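Enquirer: Data file data-v2.txt (compact mmCIF, C-alpha atoms) is appended below.
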# COMPACT_ATOMS: atom_id res chain seq x y z
CA MET A 4 13.11 48.45 12.09
CA ARG A 5 9.95 50.23 13.25
CA PRO A 6 6.97 48.32 14.73
CA ASP A 7 4.94 46.47 12.11
CA PRO A 8 1.90 48.42 10.88
CA GLN A 9 -0.42 45.63 12.09
CA THR A 10 0.06 47.07 15.60
CA ARG A 11 -1.47 50.41 14.64
CA LEU A 12 -5.08 51.23 15.50
CA THR A 13 -5.94 52.10 11.87
CA TRP A 14 -4.69 48.78 10.45
CA PRO A 15 -8.15 47.04 10.51
CA LEU A 16 -9.42 49.85 8.27
CA LYS A 17 -7.00 48.66 5.58
CA ARG A 18 -8.84 45.35 5.33
CA ALA A 19 -12.20 47.13 5.25
CA LEU A 20 -10.90 49.33 2.43
CA ASP A 21 -9.64 46.25 0.57
CA ILE A 22 -13.04 44.56 0.72
CA ALA A 23 -14.87 47.69 -0.44
CA VAL A 24 -12.50 48.39 -3.34
CA ALA A 25 -12.37 44.73 -4.43
CA LEU A 26 -16.17 44.38 -4.42
CA VAL A 27 -16.72 47.60 -6.37
CA GLY A 28 -13.85 46.75 -8.71
CA LEU A 29 -15.20 43.28 -9.51
CA VAL A 30 -18.68 44.62 -10.23
CA ILE A 31 -17.45 47.47 -12.42
CA SER A 32 -14.86 45.38 -14.25
CA ALA A 33 -17.12 42.34 -14.85
CA PRO A 34 -18.00 43.34 -18.47
CA ILE A 35 -14.34 44.14 -19.18
CA LEU A 36 -13.25 40.81 -17.71
CA ALA A 37 -15.82 38.98 -19.83
CA VAL A 38 -14.56 40.61 -23.04
CA CYS A 39 -10.93 39.97 -22.11
CA ALA A 40 -11.73 36.34 -21.31
CA LEU A 41 -13.35 35.86 -24.71
CA MET A 42 -10.31 37.39 -26.42
CA VAL A 43 -7.95 35.12 -24.46
CA ARG A 44 -10.06 32.08 -25.36
CA TRP A 45 -9.92 33.10 -29.03
CA GLU A 46 -6.14 33.60 -29.04
CA ILE A 47 -4.93 30.83 -26.72
CA GLY A 48 -7.82 28.39 -26.37
CA PRO A 49 -9.27 26.79 -23.22
CA GLY A 50 -7.90 27.80 -19.85
CA VAL A 51 -8.63 31.52 -19.58
CA LEU A 52 -7.47 31.88 -15.98
CA PHE A 53 -3.86 31.37 -14.93
CA ARG A 54 -3.16 30.22 -11.36
CA GLN A 55 0.32 30.46 -9.93
CA ARG A 56 1.81 29.85 -6.50
CA ARG A 57 3.24 32.97 -4.89
CA VAL A 58 4.59 33.87 -1.45
CA GLY A 59 2.25 35.94 0.70
CA CYS A 60 2.26 37.52 4.14
CA GLY A 61 4.51 35.73 6.63
CA GLY A 62 5.95 33.57 3.86
CA ARG A 63 2.70 31.65 3.45
CA PRO A 64 1.87 30.36 -0.05
CA ILE A 65 -1.05 31.83 -1.95
CA GLU A 66 -2.57 30.99 -5.33
CA LEU A 67 -2.53 34.14 -7.45
CA ILE A 68 -5.09 34.41 -10.26
CA LYS A 69 -4.52 36.24 -13.54
CA LEU A 70 -5.88 36.18 -17.07
CA ARG A 71 -3.69 33.89 -19.12
CA THR A 72 -1.54 35.73 -21.66
CA LEU A 73 0.67 32.80 -22.72
CA LYS A 74 0.71 29.04 -22.22
CA PRO A 75 4.00 27.92 -20.61
CA VAL A 76 5.66 24.73 -21.80
CA ASP A 77 5.23 23.17 -18.35
CA ALA A 78 4.87 23.98 -14.65
CA HIS A 79 8.65 24.31 -14.24
CA GLU A 80 8.84 27.08 -16.85
CA SER A 81 5.95 28.88 -15.17
CA ALA A 82 7.62 28.69 -11.76
CA THR A 83 11.19 29.61 -12.77
CA ARG A 84 11.10 31.85 -15.84
CA TRP A 85 11.62 35.47 -14.84
CA SER A 86 10.02 37.37 -17.73
CA ILE A 87 7.93 36.63 -20.82
CA ALA A 88 7.75 40.24 -22.00
CA HIS A 89 9.70 39.50 -25.20
CA ASP A 90 8.53 35.92 -25.73
CA ARG A 91 7.63 35.28 -29.38
CA ARG A 92 4.72 33.10 -28.24
CA LEU A 93 3.03 36.18 -26.78
CA GLY A 94 0.22 37.16 -29.17
CA PRO A 95 -1.44 40.55 -29.76
CA VAL A 96 -4.12 39.93 -27.13
CA GLY A 97 -1.58 38.80 -24.53
CA LYS A 98 0.63 41.81 -25.22
CA ALA A 99 -2.31 44.20 -24.94
CA LEU A 100 -3.48 42.67 -21.66
CA ARG A 101 -0.01 42.85 -20.14
CA ARG A 102 0.63 46.39 -21.37
CA SER A 103 -2.69 47.62 -19.94
CA SER A 104 -2.43 45.44 -16.78
CA LEU A 105 -5.95 44.11 -17.47
CA ASP A 106 -4.57 40.60 -16.92
CA GLU A 107 -4.24 41.55 -13.23
CA LEU A 108 -7.98 42.21 -12.70
CA PRO A 109 -8.81 38.69 -11.38
CA GLN A 110 -6.51 39.43 -8.44
CA LEU A 111 -9.39 41.44 -7.00
CA TRP A 112 -10.77 38.01 -6.07
CA ASN A 113 -7.50 37.27 -4.24
CA VAL A 114 -8.05 40.49 -2.29
CA LEU A 115 -11.64 39.58 -1.45
CA LYS A 116 -10.49 36.16 -0.17
CA GLY A 117 -7.92 37.83 2.07
CA ASP A 118 -4.86 36.40 0.31
CA MET A 119 -3.80 39.86 -0.89
CA SER A 120 -4.37 43.55 -0.30
CA ILE A 121 -4.99 46.26 -2.90
CA VAL A 122 -1.73 47.92 -1.80
CA GLY A 123 1.36 46.04 -0.68
CA PRO A 124 4.60 44.51 -1.94
CA ARG A 125 4.05 42.52 -5.12
CA PRO A 126 4.03 38.75 -4.51
CA GLU A 127 6.76 36.66 -6.10
CA ARG A 128 7.17 32.97 -6.86
CA PRO A 129 8.89 30.79 -4.21
CA TYR A 130 11.81 30.02 -6.54
CA PHE A 131 12.71 33.71 -6.84
CA VAL A 132 11.89 34.56 -3.21
CA ASP A 133 14.54 32.05 -2.14
CA GLN A 134 17.07 33.51 -4.60
CA PHE A 135 16.42 37.16 -3.76
CA SER A 136 16.29 36.53 -0.01
CA ALA A 137 19.79 35.03 -0.19
CA THR A 138 21.29 37.92 -2.17
CA THR A 139 19.22 41.05 -1.42
CA PRO A 140 19.29 42.68 2.03
CA GLY A 141 15.82 43.19 3.46
CA TYR A 142 14.02 41.22 0.75
CA ARG A 143 12.34 38.74 3.10
CA LEU A 144 11.20 41.62 5.34
CA ARG A 145 8.75 42.56 2.58
CA HIS A 146 6.57 39.69 3.77
CA ARG A 147 5.70 41.40 7.06
CA VAL A 148 2.42 42.61 5.54
CA PRO A 149 -0.05 41.23 2.97
CA VAL A 150 1.16 41.34 -0.61
CA GLY A 151 -0.66 43.66 -2.99
CA ILE A 152 -1.88 44.26 -6.52
CA THR A 153 -0.01 47.56 -6.58
CA GLY A 154 2.53 49.17 -4.29
CA TRP A 155 5.01 51.93 -3.52
CA ALA A 156 7.66 50.28 -5.70
CA GLN A 157 5.29 49.87 -8.67
CA ILE A 158 4.15 53.51 -8.79
CA HIS A 159 7.83 54.48 -8.91
CA GLY A 160 8.40 52.37 -12.02
CA LEU A 161 9.94 49.35 -10.27
CA ARG A 162 8.25 46.52 -12.16
CA GLY A 163 9.43 44.07 -14.79
CA ASP A 164 13.18 43.95 -15.28
CA THR A 165 14.15 46.50 -12.63
CA SER A 166 16.42 46.45 -9.58
CA ILE A 167 15.38 43.92 -6.92
CA GLU A 168 17.37 45.87 -4.30
CA ASP A 169 15.43 49.03 -5.11
CA ARG A 170 12.12 47.16 -4.93
CA ALA A 171 12.99 45.75 -1.50
CA ARG A 172 14.06 49.20 -0.31
CA PHE A 173 10.85 50.88 -1.56
CA ASP A 174 8.62 48.10 -0.18
CA ASN A 175 10.21 48.22 3.26
CA HIS A 176 9.95 52.02 3.28
CA TYR A 177 6.21 51.65 2.57
CA ILE A 178 5.80 49.14 5.41
CA ASP A 179 7.78 51.21 7.93
CA ASP A 180 5.84 54.40 7.13
CA TRP A 181 2.45 52.80 6.39
CA SER A 182 -0.72 54.85 6.69
CA LEU A 183 -4.16 54.78 5.07
CA ARG A 184 -3.27 58.08 3.45
CA THR A 185 -0.34 56.40 1.70
CA ASP A 186 -2.60 53.59 0.48
CA PHE A 187 -5.05 56.12 -0.98
CA LYS A 188 -2.18 57.93 -2.65
CA ILE A 189 -0.85 54.73 -4.22
CA MET A 190 -4.32 53.70 -5.45
CA ILE A 191 -4.94 57.11 -7.03
CA ARG A 192 -1.54 57.12 -8.74
CA THR A 193 -2.09 53.56 -9.96
CA ALA A 194 -5.52 54.44 -11.39
CA TRP A 195 -4.08 57.49 -13.10
CA SER A 196 -1.26 55.47 -14.67
CA LEU A 197 -3.80 52.99 -16.06
CA LEU A 198 -6.16 55.64 -17.42
CA ARG A 199 -3.66 58.04 -18.96
CA PRO A 200 -2.59 57.63 -22.63
CA GLY A 201 0.14 55.00 -22.83
CA GLY A 202 -1.27 52.97 -19.91
CA SER A 203 0.78 51.57 -17.06
Here is a file; write its structure as structure tokens.
Expert:
Amino acid sequence: MRPDPQTRLTWPLKRALDIAVALVGLVISAPILAVCALMVRWEIGPGVLFRQRRVGCGGRPIELIKLRTLKPVDAHESATRWSIAHDRRLGPVGKALRRSSLDELPQLWNVLKGDMSIVGPRPERPYFVDQFSATTPGYRLRHRVPVGITGWAQIHGLRGDTSIEDRARFDNHYIDDWSLRTDFKIMIRTAWSLLRPGGS
């Protein structure tokens, strides 16, 4: 494995970029977030924000924030159910938020707090991190850097029900070859995928 990117002179600029993008993103998206929150409240009821424990950099736990798209039966279902994409409890608003990735916007606050980065491996729940680490080579190595809202694996279509081995391989490739230029490239491709017809 190559030296971790935290040892490179340009690494502090990544955090500066995160703060700038998160601040601008929260200001610009505030009206959108307000509308989405009202729609969630109308469809699901109280409890607009969804907080879930995930595994961050170095294996440390973080509390990820999203807009709620569905109310789980209990905390166990939330922590151990892999996908709700085809759940019949998912209403029109929840489906639209998930399809457009607008439910991810509150994670800009996670970035501002320093729990996450704009670009990095997507954070997963502890239950699945333990499973995947035991069966997928290199999976735990993804936690060498801060987790992100978007990443190299995501812009290559590796989200949802896709290969965990491929995700680990793409994430570790990103970490080994990290540069600010790569982060800009991933952010631009992510923005384009959200803005183009058909969404993400």
Enquirer: Could you please determine the separation between CA of Glu46 in chain A and CA of Glu107 in chain A in Å, to one decimal place?
Expert: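 Answer for the CA of Glu46 in chain A to CA of Glu107 in chain A separation: 17.8 Å.
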Enquirer: Could you check the closest approach to Arg44 in chain A for each of A:Lys74, A:Arg102, A:Arg162, A:Arg125 and tell me which residue wins, using all atoms listed in the file?
Expert: A:Lys74
Enquirer: Excluding Gly61 in chain A and any residue of its chain fewer than 3 positions from it, enumerate the residues within 8 Å of it, using all atoms listed in the file, and give them as an NGL selection string.
Expert: :A and (146-148)
Enquirer: Any idea what the distance is between CA of Ser182 in chain A and CA of Ala194 in chain A?
Expert: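 One can read the CA of Ser182 in chain A to CA of Ala194 in chain A distance as 18.7 Å.
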Enquirer: Residues within 7 Å of Arg128 in chain A, please, as number ranges by chain. Count only C-alpha atoms; anything in the same chain fewer than 4 positions from it doesn't count.
Expert: A: 56-58, 82, 132
Enquirer: For the selection you just gave me, I'd like the residues written to a file as a PDB file, in the coordinates of the input, keeping C-alpha atoms.
Expert:
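out-v5.pdb written:
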ATOM      1  CA  ARG A  56       1.810  29.850  -6.500  1.00  0.00           C
ATOM      2  CA  ARG A  57       3.240  32.970  -4.890  1.00  0.00           C
ATOM      3  CA  VAL A  58       4.590  33.870  -1.450  1.00  0.00           C
ATOM      4  CA  ALA A  82       7.620  28.690 -11.760  1.00  0.00           C
ATOM      5  CA  VAL A 132      11.890  34.560  -3.210  1.00  0.00           C
TER       6      VAL A 132
END
Enquirer: Could the residues of range 158-186 of chain A that have an atom at most 12 Å from range 20-30 of chain A be listed as a Markdown table, each with its closest atom pair and the distance in Å to one decimal, counting all atoms listed in the file and ordered by chain and ascending residue number?
Expert:
| residue | atom | partner | partner_atom | distance |
| --- | --- | --- | --- | --- |
| A:Leu183 | CA | A:Leu20 | CA | 9.1 |
| A:Arg184 | CA | A:Leu20 | CA | 11.7 |
| A:Asp186 | CA | A:Leu20 | CA | 9.5 |
Enquirer: Restricting the calculation to all atoms listed in the file, which member of A:Glu168, A:Asp118, A:Asp106, A:Asp133 is positioned closest to Ile35 in chain A?
Expert: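 Of the candidates, the smallest distance to Ile35 in chain A is held by A:Asp106.
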Enquirer: Could you pull the residues within 8 Å of Thr139 in chain A, counting only C-alpha atoms, minus those fewer than 2 positions along the same chain, as a list in words?
Expert: Phe135, Ser136, Ala137, Gly141, Tyr142, Ile167, Glu168 and Ala171 of chain A
Enquirer: Determine the nearest neighbour of Ile158 in chain A from the options A:Arg101, A:Arg192, A:Arg172, A:Lys69, counting only C-alpha atoms.
Expert: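 Using only C-alpha atoms, the shortest distance to Ile158 in chain A belongs to A:Arg192.
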Enquirer: Would you work out the distance separating CA of Leu93 in chain A from CA of Ile189 in chain A, expressed in Å to one decimal?
Expert: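 That distance, rounded to one decimal, is 29.5 Å.
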Enquirer: Between A:Val114, A:Leu198, A:Ala156, A:Ala37, which has the minimum distance to Ile178 in chain A (counting only C-alpha atoms)?
Expert: A:Ala156
Enquirer: Edge lengths and centre in Å to one decimal, as AutoDock Vina command-line options, is what I'm after for the box along x, y and z that holds all listed atoms of range 39-53 of chain A once 5 Å is added on each side.
Expert:
--center_x -8.6 --center_y 33.4 --center_z -22.0 --size_x 19.5 --size_y 23.2 --size_z 24.1
Enquirer: Looking at all atoms listed in the file, which of A:Pro140, A:Trp181, A:His176, A:Thr193 is the one that sits closest to Gly160 in chain A?
Expert: A:Thr193
